[in-house]
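Below: one structure, written as structure tokens.
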Amino acid sequence: MTDYCFPRHVRLLNAGDYQSVFNDTSSKVFAGEFLLLARKRDDNQTRLGLIVSKKTDKRAVGRNRIKRLVRDSFRHHKTPLEGLDIVFLARQGIKELENPDLHKRLDKAWDQLAKKALKTPSNKKHAHSKQK
């Protein structure tokens, strides 16, 4: 039962954590109303960061509903996502999704992200980074 909690050590907590995922993304999953970005870690810890802006839903109740559903879904899919820092980025249109629909899309997106993360090598270097 304790595996399904969401303590501080499984969250991205500061701007540096988020920036490292944005700068060194190894896997992406675009699901229409949201985007998942992931970065490989050196250990097996899995962490999640949530970005749900006022543009996606002006009311805090709606933003909190989205975050609650994402956290719940993440807790149940943590095991295949080991060793990743993940950022969930909500986009416009997500507030129109009903809870069961959003849960189904999240389930599919976590599975896609796990498959992509397995494919990418952990020491992947960007070939275009040396070009100017």
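Identifiers in this document derive from the order of the structure tokens: chains are assigned A, B, ..., residues are numbered from 1 separately in each chain, and ligands are numbered from 1 in order of occurrence.
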
Pick out each residue of range 3-120 of chain A that DSSP on the backbone tags as strand (DSSP E or B); I need them as an MDAnalysis selection string.
chainID A and resid 11 27:30 34:40 47:51 84:90

Could you dump the residues just selected with N, CA, C and O atoms as a tab-separated table (two decimals), in the first residue's frame?
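Contents of again.tsv, as written:
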chain	number	residue	atom	x	y	z
A	11	ARG	N	8.87	13.53	-6.35
A	11	ARG	CA	8.40	14.74	-7.03
A	11	ARG	C	9.59	15.58	-7.50
A	11	ARG	O	10.62	15.62	-6.84
A	27	SER	N	12.95	11.08	-23.90
A	27	SER	CA	11.73	10.50	-24.46
A	27	SER	C	10.59	11.50	-24.35
A	27	SER	O	10.50	12.23	-23.37
A	28	LYS	N	9.72	11.50	-25.37
A	28	LYS	CA	8.54	12.36	-25.37
A	28	LYS	C	7.33	11.54	-25.79
A	28	LYS	O	7.44	10.68	-26.66
A	29	VAL	N	6.20	11.85	-25.17
A	29	VAL	CA	4.93	11.26	-25.59
A	29	VAL	C	3.93	12.40	-25.69
A	29	VAL	O	3.65	13.08	-24.69
A	30	PHE	N	3.41	12.62	-26.89
A	30	PHE	CA	2.41	13.66	-27.11
A	30	PHE	C	1.06	12.99	-27.21
A	30	PHE	O	0.86	12.11	-28.04
A	34	PHE	N	-2.09	16.63	-23.59
A	34	PHE	CA	-0.95	16.74	-22.68
A	34	PHE	C	0.30	16.17	-23.33
A	34	PHE	O	0.24	15.48	-24.35
A	35	LEU	N	1.44	16.52	-22.74
A	35	LEU	CA	2.74	16.10	-23.23
A	35	LEU	C	3.52	15.54	-22.05
A	35	LEU	O	3.51	16.13	-20.96
A	36	LEU	N	4.18	14.41	-22.25
A	36	LEU	CA	5.06	13.84	-21.24
A	36	LEU	C	6.49	13.93	-21.75
A	36	LEU	O	6.79	13.49	-22.86
A	37	LEU	N	7.36	14.53	-20.94
A	37	LEU	CA	8.78	14.62	-21.25
A	37	LEU	C	9.52	13.80	-20.19
A	37	LEU	O	9.19	13.88	-19.01
A	38	ALA	N	10.54	13.05	-20.61
A	38	ALA	CA	11.27	12.23	-19.65
A	38	ALA	C	12.76	12.34	-19.89
A	38	ALA	O	13.21	12.52	-21.02
A	39	ARG	N	13.50	12.20	-18.80
A	39	ARG	CA	14.96	12.21	-18.84
A	39	ARG	C	15.46	11.03	-18.02
A	39	ARG	O	14.96	10.76	-16.93
A	40	LYS	N	16.44	10.31	-18.56
A	40	LYS	CA	17.03	9.18	-17.84
A	40	LYS	C	17.81	9.68	-16.63
A	40	LYS	O	18.45	10.71	-16.68
A	47	ARG	N	10.72	10.19	-10.66
A	47	ARG	CA	10.15	11.43	-10.12
A	47	ARG	C	9.22	12.05	-11.16
A	47	ARG	O	9.44	11.92	-12.36
A	48	LEU	N	8.21	12.75	-10.67
A	48	LEU	CA	7.21	13.38	-11.53
A	48	LEU	C	7.06	14.84	-11.19
A	48	LEU	O	7.01	15.22	-10.01
A	49	GLY	N	6.97	15.66	-12.22
A	49	GLY	CA	6.66	17.08	-12.06
A	49	GLY	C	5.42	17.41	-12.88
A	49	GLY	O	5.24	16.88	-13.98
A	50	LEU	N	4.58	18.26	-12.34
A	50	LEU	CA	3.32	18.61	-13.00
A	50	LEU	C	3.30	20.09	-13.36
A	50	LEU	O	3.62	20.93	-12.53
A	51	ILE	N	2.89	20.37	-14.59
A	51	ILE	CA	2.72	21.75	-15.03
A	51	ILE	C	1.31	21.86	-15.60
A	51	ILE	O	1.02	21.32	-16.67
A	84	LEU	N	13.50	7.40	-14.31
A	84	LEU	CA	13.15	8.54	-15.15
A	84	LEU	C	12.71	9.73	-14.30
A	84	LEU	O	12.07	9.56	-13.27
A	85	ASP	N	13.07	10.92	-14.76
A	85	ASP	CA	12.44	12.16	-14.29
A	85	ASP	C	11.42	12.51	-15.37
A	85	ASP	O	11.77	12.62	-16.54
A	86	ILE	N	10.17	12.72	-14.97
A	86	ILE	CA	9.09	12.94	-15.93
A	86	ILE	C	8.40	14.26	-15.63
A	86	ILE	O	8.14	14.59	-14.47
A	87	VAL	N	8.12	15.02	-16.69
A	87	VAL	CA	7.33	16.24	-16.57
A	87	VAL	C	6.05	16.04	-17.35
A	87	VAL	O	6.07	15.70	-18.54
A	88	PHE	N	4.91	16.26	-16.67
A	88	PHE	CA	3.59	16.24	-17.30
A	88	PHE	C	3.24	17.68	-17.61
A	88	PHE	O	3.21	18.53	-16.73
A	89	LEU	N	2.99	17.98	-18.87
A	89	LEU	CA	2.68	19.33	-19.31
A	89	LEU	C	1.27	19.34	-19.90
A	89	LEU	O	1.04	18.77	-20.97
A	90	ALA	N	0.33	19.94	-19.18
A	90	ALA	CA	-1.06	20.00	-19.64
A	90	ALA	C	-1.19	21.03	-20.75
A	90	ALA	O	-0.52	22.06	-20.74

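Across A:Arg41, A:Arg75, A:Glu96, A:Glu33, the tightest approach to Val21 in chain A is made by A:Arg41 when counting only C-alpha atoms.
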
May I have the residues within 12 Å of Ser53 in chain A as a VMD selection string, using only C-alpha atoms and disregarding those fewer than 2 positions away in the same chain?
chain A and resid 34 50 to 51 55 to 60 62 to 64 66 to 67 88 to 92 94 to 95

Residue subset to file, keeping C-alpha atoms, as a tab-separated table (two decimals), in the first residue's frame:
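Listing of selection.tsv after writing:
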chain	number	residue	atom	x	y	z
A	34	PHE	CA	-0.95	16.74	-22.68
A	50	LEU	CA	3.32	18.61	-13.00
A	51	ILE	CA	2.72	21.75	-15.03
A	55	LYS	CA	-4.27	28.78	-19.60
A	56	THR	CA	-5.46	25.17	-19.44
A	57	ASP	CA	-8.14	25.88	-16.82
A	58	LYS	CA	-8.80	29.22	-15.16
A	59	ARG	CA	-10.35	27.65	-12.08
A	60	ALA	CA	-8.10	26.11	-9.42
A	62	GLY	CA	-10.15	22.18	-12.49
A	63	ARG	CA	-6.35	22.40	-12.34
A	64	ASN	CA	-6.31	20.46	-9.08
A	66	ILE	CA	-6.14	17.26	-13.45
A	67	LYS	CA	-3.14	17.09	-11.11
A	88	PHE	CA	3.59	16.24	-17.30
A	89	LEU	CA	2.68	19.33	-19.31
A	90	ALA	CA	-1.06	20.00	-19.64
A	91	ARG	CA	-2.32	21.67	-22.82
A	92	GLN	CA	-5.52	23.42	-23.76
A	94	ILE	CA	-7.59	18.85	-21.21
A	95	LYS	CA	-10.29	20.35	-19.00

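If you look at CA of Asp42 in chain A and CA of Leu69 in chain A, they are 27.8 Å away from each other.
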
CA of Phe22 in chain A to CA of Leu97 in chain A: how many Å, to one decimal?
25.9 Å

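CA of Asp111 in chain A lies 10.6 Å from CA of Lys78 in chain A.
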